[in-house]
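Undergrad: Let me begin by handing over the structure; questions about it come next.
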Amino acid sequence: MKPILALLTLALFAAPAAAQDAQPTASQDLGAPVPTVGEVETIEQQDGGLTFTVTDESEWQDLGIAIPGFATDRDTPTPANSSGTAALGKELARVVFNDLKNNGLFKPVGPDALPQPTFPQITAPNWPTWSSRGAEMLVHGYVRARADNKLTVGCYLYDMALKSELVREGWVVEPADWRRAAHKCSDLVYSRLSGEDPFFDSRIAYIAETGPKGNRVKRLAIMDSDGANHRFITTGRSTALTPRFSPDYSKLLYLSYVDGNPRIYVYDIGSGRQSLVAETGNPTIAPRWSPDGRYILYSMAVAGNTDIYRVPAGGGQSVRLTDAPGIDIGGSYSPDGSQIVFESDRSGGQQIYVMNADGSNQRRISFFGGRAATPEWSPRGDQIAFTRIAGDFNIAVMSPNGRNMRTLTDGWQDEAPTWSPNGRIIQFFRTERGSGKASLWQVDLTGRNLRRLPTPVDASDPAWGPILP
């Protein structure tokens, strides 16, 4: 197996140049614009109930949650579901059920195994019905069609032992955004019971891969956090790599190889247009946003030496931040923008380093044996995820000072971690031995809740965006 840094500097730099000769320009590579998400209006909110929080990284005890179908005041046709609002209510509850089930922290029961509450029971639960089923928590919801064709979706969380409401909230959404209302309900329940920030109402960008092992077509793709609403952004005429959402969610940063030349582009999700940030003329990889969205980091090889550079997000003069002999790659800002974590082989093998945002005070922080690559700072600031290379490639985390290292996965080739918006879950891609097929996976900080995220084709280079505005 080649070292991961060699794969980055040789395979990524050389292979696209050979595969992309005489290809169209990047603007011709764009597919249909990605539909923007509509405004979600919050219409009701109430506090109260549980006050405990769970913010550590130990395994959580399963909590039984009943999630029956969302009720409706009258079954009305809606563009969101051809069968009407009653059928849509079941679909809403299924999304909430799957969200809470797949994170591994709760033990939910979904609408297909539960009785359907009536509309009046949403705010006045029939307690004996749910007590007999052993549920500790109860999620009730409703959906109503409005005269303006929008939908009103409500979500209520009840404590069965106290027989009381813990929290409620409602949203007005366009029919096309009904899944967002379900994710917001999941976020409401998750945050109220855990004390953690939400993450379900978010998107994931990644590189969709098709074709034979030696000649992969790599397209930029985007989808909801649960894999729904999948869209291809580029057509595959040019190789796309390493996407990242802007902090305000309005743009996607990615690397594109056109005619063998690497270019850094920013794709505007609202307009479907893209702008060129940098065309270096040299091998270039791993562009990353600064937390304020003003700058972009990238790595570029010049005369055999690879360093990290910073360029304004709108384009302009680049500033070199590293100048040590060897290969410096990556660059992930701390949440406050004051520091940058990166990988370098200046000590003789790949290790993790940290520097100030201006490039000063560069110091190594990984000293635990093996090699370390692709570091990514947690949005909470308390952890750095990275690829640990000690025989196999695995996802690991450590404190920003390099201590408390823990390996979370045990696959053959797991790499390129990206954090959920709340810093609780890490997504990465796993490559199968022999076939070269890649897929997206998630693991939480306990290392015990591991699952594969479905995608329509092979997938690599995931990037988890922040919570949708």
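In the structure tokens, chains take the letters A, B, ... in the order shown, each chain's residues start at 1, and ligands count up from 1 in the order shown.
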Do you know which residues are at most 8 Å from Leu138 in chain A counting only C-alpha atoms, after dropping those on the same chain fewer than 5 positions away, and could you put them as a ChimeraX atom specification?

TA: /A:65-67,130,157-160

Undergrad: Just want the 10 Å neighbourhood of Asp358 in chain A, counted on only C-alpha atoms, with same-chain residues fewer than 3 positions away dropped. Output as a list in words.

TA: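 The neighbour list is Arg310, Val319, Arg320, Leu321, Thr322, Ser338, Gln339, Ile340, Met355 and Asn361 of chain A.
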
Undergrad: Hey, what does DSSP flag as helix (DSSP H, G or I) within range 133-233 of chain A? Can you give it to me as a list of chain:residue names?

TA: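 Assigned to helix (DSSP H, G or I), within range 133-233 of chain A: A:Pro175, A:Ala176, A:Asp177, A:Trp178, A:Arg179, A:Arg180, A:Ala181, A:Ala182, A:His183, A:Lys184, A:Cys185, A:Ser186, A:Asp187, A:Leu188, A:Val189, A:Tyr190, A:Ser191, A:Arg192, A:Leu193, A:Ser194.
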
Undergrad: Would you put the residues from that selection into a file with all heavy atoms, as a short mmCIF file (atom, residue, chain, number, x, y, z; two decimals), in the first residue's frame?

TA:
```cif
data_model
loop_
_atom_site.label_atom_id
_atom_site.label_comp_id
_atom_site.auth_asym_id
_atom_site.auth_seq_id
_atom_site.Cartn_x
_atom_site.Cartn_y
_atom_site.Cartn_z
N PRO A 175 -44.01 22.89 0.29
CA PRO A 175 -44.16 21.44 0.16
C PRO A 175 -42.85 20.71 -0.17
O PRO A 175 -42.61 19.61 0.34
CB PRO A 175 -45.18 21.30 -0.97
CG PRO A 175 -45.99 22.54 -0.90
CD PRO A 175 -45.03 23.62 -0.50
N ALA A 176 -42.00 21.33 -0.98
CA ALA A 176 -40.74 20.68 -1.35
C ALA A 176 -39.79 20.53 -0.17
O ALA A 176 -38.85 19.73 -0.22
CB ALA A 176 -40.06 21.47 -2.47
N ASP A 177 -40.03 21.29 0.90
CA ASP A 177 -39.14 21.26 2.06
C ASP A 177 -39.71 20.50 3.25
O ASP A 177 -39.29 20.71 4.39
CB ASP A 177 -38.80 22.70 2.48
CG ASP A 177 -37.91 23.41 1.49
OD1 ASP A 177 -37.02 22.75 0.92
OD2 ASP A 177 -38.11 24.62 1.27
N TRP A 178 -40.67 19.61 3.00
CA TRP A 178 -41.29 18.91 4.11
C TRP A 178 -40.29 18.07 4.90
O TRP A 178 -40.41 17.94 6.13
CB TRP A 178 -42.44 18.03 3.62
CG TRP A 178 -42.04 16.83 2.79
CD1 TRP A 178 -41.93 16.76 1.44
CD2 TRP A 178 -41.69 15.52 3.29
NE1 TRP A 178 -41.53 15.50 1.05
CE2 TRP A 178 -41.39 14.72 2.17
CE3 TRP A 178 -41.63 14.96 4.56
CZ2 TRP A 178 -41.02 13.38 2.28
CZ3 TRP A 178 -41.24 13.62 4.68
CH2 TRP A 178 -40.96 12.85 3.55
N ARG A 179 -39.26 17.54 4.23
CA ARG A 179 -38.26 16.75 4.95
C ARG A 179 -37.46 17.61 5.92
O ARG A 179 -37.02 17.13 6.97
CB ARG A 179 -37.31 16.05 3.97
CG ARG A 179 -37.98 14.99 3.09
CD ARG A 179 -36.94 14.29 2.23
NE ARG A 179 -36.05 13.50 3.05
CZ ARG A 179 -36.23 12.22 3.37
NH1 ARG A 179 -37.30 11.58 2.91
NH2 ARG A 179 -35.36 11.58 4.13
N ARG A 180 -37.28 18.89 5.59
CA ARG A 180 -36.58 19.78 6.51
C ARG A 180 -37.35 19.93 7.81
O ARG A 180 -36.77 20.01 8.89
CB ARG A 180 -36.36 21.14 5.87
CG ARG A 180 -35.25 21.19 4.82
CD ARG A 180 -34.77 22.60 4.62
NE ARG A 180 -34.19 23.15 5.84
CZ ARG A 180 -33.97 24.45 6.02
NH1 ARG A 180 -34.30 25.32 5.07
NH2 ARG A 180 -33.43 24.87 7.15
N ALA A 181 -38.70 20.00 7.70
CA ALA A 181 -39.51 20.08 8.92
C ALA A 181 -39.32 18.83 9.78
O ALA A 181 -39.23 18.92 11.02
CB ALA A 181 -40.98 20.27 8.56
N ALA A 182 -39.24 17.66 9.14
CA ALA A 182 -39.01 16.42 9.89
C ALA A 182 -37.64 16.44 10.56
O ALA A 182 -37.49 16.05 11.72
CB ALA A 182 -39.13 15.21 8.96
N HIS A 183 -36.61 16.89 9.83
CA HIS A 183 -35.28 16.97 10.42
C HIS A 183 -35.25 17.96 11.57
O HIS A 183 -34.55 17.74 12.58
CB HIS A 183 -34.25 17.37 9.36
CG HIS A 183 -33.98 16.31 8.34
ND1 HIS A 183 -33.82 14.99 8.66
CD2 HIS A 183 -33.84 16.38 6.98
CE1 HIS A 183 -33.58 14.28 7.56
NE2 HIS A 183 -33.60 15.11 6.54
N LYS A 184 -36.00 19.05 11.46
CA LYS A 184 -36.05 20.02 12.54
C LYS A 184 -36.73 19.43 13.78
O LYS A 184 -36.35 19.72 14.92
CB LYS A 184 -36.74 21.30 12.10
CG LYS A 184 -35.86 22.17 11.20
CD LYS A 184 -36.43 23.53 10.99
CE LYS A 184 -35.44 24.41 10.25
NZ LYS A 184 -34.22 24.68 11.05
N CYS A 185 -37.72 18.59 13.57
CA CYS A 185 -38.33 17.87 14.69
C CYS A 185 -37.31 16.94 15.34
O CYS A 185 -37.20 16.89 16.57
CB CYS A 185 -39.55 17.10 14.20
SG CYS A 185 -40.42 16.18 15.50
N SER A 186 -36.55 16.22 14.53
CA SER A 186 -35.50 15.35 15.07
C SER A 186 -34.48 16.17 15.86
O SER A 186 -34.04 15.76 16.94
CB SER A 186 -34.78 14.62 13.94
OG SER A 186 -35.68 13.87 13.15
N ASP A 187 -34.09 17.32 15.32
CA ASP A 187 -33.14 18.18 16.01
C ASP A 187 -33.70 18.67 17.34
O ASP A 187 -32.98 18.77 18.34
CB ASP A 187 -32.78 19.38 15.13
CG ASP A 187 -31.75 19.04 14.06
OD1 ASP A 187 -30.95 18.11 14.28
OD2 ASP A 187 -31.76 19.71 13.00
N LEU A 188 -34.99 19.00 17.35
CA LEU A 188 -35.64 19.45 18.58
C LEU A 188 -35.58 18.38 19.66
O LEU A 188 -35.21 18.64 20.81
CB LEU A 188 -37.09 19.83 18.29
CG LEU A 188 -37.91 20.38 19.45
CD1 LEU A 188 -37.46 21.78 19.83
CD2 LEU A 188 -39.40 20.37 19.09
N VAL A 189 -35.93 17.15 19.28
CA VAL A 189 -35.92 16.04 20.23
C VAL A 189 -34.49 15.73 20.68
O VAL A 189 -34.20 15.60 21.88
CB VAL A 189 -36.56 14.79 19.60
CG1 VAL A 189 -36.42 13.58 20.51
CG2 VAL A 189 -38.03 15.05 19.29
N TYR A 190 -33.59 15.63 19.73
CA TYR A 190 -32.18 15.31 20.04
C TYR A 190 -31.58 16.34 20.99
O TYR A 190 -30.96 15.99 22.00
CB TYR A 190 -31.38 15.26 18.73
CG TYR A 190 -29.91 15.02 18.91
CD1 TYR A 190 -29.38 13.74 18.95
CD2 TYR A 190 -29.03 16.10 19.02
CE1 TYR A 190 -28.02 13.53 19.10
CE2 TYR A 190 -27.66 15.89 19.19
CZ TYR A 190 -27.17 14.61 19.23
OH TYR A 190 -25.82 14.40 19.39
N SER A 191 -31.77 17.62 20.68
CA SER A 191 -31.17 18.67 21.50
C SER A 191 -31.79 18.72 22.89
O SER A 191 -31.09 18.93 23.88
CB SER A 191 -31.33 20.03 20.81
OG SER A 191 -30.62 20.06 19.60
N ARG A 192 -33.11 18.51 22.96
CA ARG A 192 -33.79 18.60 24.26
C ARG A 192 -33.36 17.47 25.19
O ARG A 192 -33.24 17.66 26.40
CB ARG A 192 -35.31 18.56 24.05
CG ARG A 192 -36.09 18.99 25.28
CD ARG A 192 -35.83 20.47 25.56
NE ARG A 192 -36.46 20.90 26.80
CZ ARG A 192 -35.89 20.84 28.00
NH1 ARG A 192 -34.67 20.32 28.11
NH2 ARG A 192 -36.49 21.29 29.07
N LEU A 193 -33.14 16.28 24.63
CA LEU A 193 -32.80 15.14 25.46
C LEU A 193 -31.31 15.01 25.74
O LEU A 193 -30.92 14.43 26.74
CB LEU A 193 -33.30 13.85 24.81
CG LEU A 193 -34.82 13.71 24.69
CD1 LEU A 193 -35.17 12.40 24.00
CD2 LEU A 193 -35.49 13.79 26.05
N SER A 194 -30.48 15.55 24.86
CA SER A 194 -29.04 15.35 25.01
C SER A 194 -28.28 16.57 25.50
O SER A 194 -27.20 16.45 26.06
CB SER A 194 -28.44 14.92 23.66
OG SER A 194 -28.44 16.01 22.75
#
```

Undergrad: Which one of A:Gly337, A:Gly436, A:Pro68, A:Gly84 sits closest to Val139 in chain A if you count only C-alpha atoms?

TA: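 Residue with the minimum atom-to-atom distance to Val139 in chain A: A:Pro68.
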
Undergrad: List every residue of range 273-356 of chain A that has an atom at most 8 Å from any atom of range 375-399 of chain A, and for each one report the closest atom pair and its distance in Å to one decimal, counting only C-alpha atoms, with rows sorted by chain and then by increasing residue number, as JSON lines.

TA:
```
{"residue": "A:Gly330", "atom": "CA", "partner": "A:Pro375", "partner_atom": "CA", "distance": 7.3}
{"residue": "A:Gly331", "atom": "CA", "partner": "A:Pro375", "partner_atom": "CA", "distance": 7.6}
{"residue": "A:Ser332", "atom": "CA", "partner": "A:Glu376", "partner_atom": "CA", "distance": 5.5}
{"residue": "A:Tyr333", "atom": "CA", "partner": "A:Trp377", "partner_atom": "CA", "distance": 6.6}
{"residue": "A:Ser334", "atom": "CA", "partner": "A:Trp377", "partner_atom": "CA", "distance": 5.7}
{"residue": "A:Pro335", "atom": "CA", "partner": "A:Pro379", "partner_atom": "CA", "distance": 5.6}
{"residue": "A:Val341", "atom": "CA", "partner": "A:Pro375", "partner_atom": "CA", "distance": 6.5}
{"residue": "A:Phe342", "atom": "CA", "partner": "A:Pro375", "partner_atom": "CA", "distance": 6.1}
{"residue": "A:Glu343", "atom": "CA", "partner": "A:Pro375", "partner_atom": "CA", "distance": 6.9}
{"residue": "A:Ile352", "atom": "CA", "partner": "A:Pro375", "partner_atom": "CA", "distance": 7.1}
```

Undergrad: Set the distance at 9 Å and use only C-alpha atoms: which residues neighbour range 263-265 of chain A once local chain neighbours fewer than 3 positions away are removed? I'd like the list as a PyMOL selection string.

TA: chain A and resi 26+252-258+274-281+284-285+287+298

Undergrad: Nearest residue to Ser435 in chain A out of A:Pro325, A:Gly214, A:Arg288, A:Glu415, using only C-alpha atoms?

TA: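 Of the candidates, the smallest distance to Ser435 in chain A is held by A:Gly214.
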
Undergrad: Would you mind listing what lies within 6 Å of Arg430 in chain A as number ranges by chain, with only C-alpha atoms counted and same-chain residues fewer than 4 positions away left out?

TA: A: 413-414, 438-439

Undergrad: One number please: CA of Leu105 in chain A to CA of Ser202 in chain A, in Å, one decimal.

TA: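 One can read the CA of Leu105 in chain A to CA of Ser202 in chain A distance as 18.7 Å.
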
Undergrad: Which residue out of A:Ala124, A:Lys251, A:Ala93, A:Pro421 has the minimum interatomic distance to Val109 in chain A when only C-alpha atoms are used?

TA: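 Nearest candidate to Val109 in chain A out of A:Ala124, A:Lys251, A:Ala93, A:Pro421: A:Ala93.
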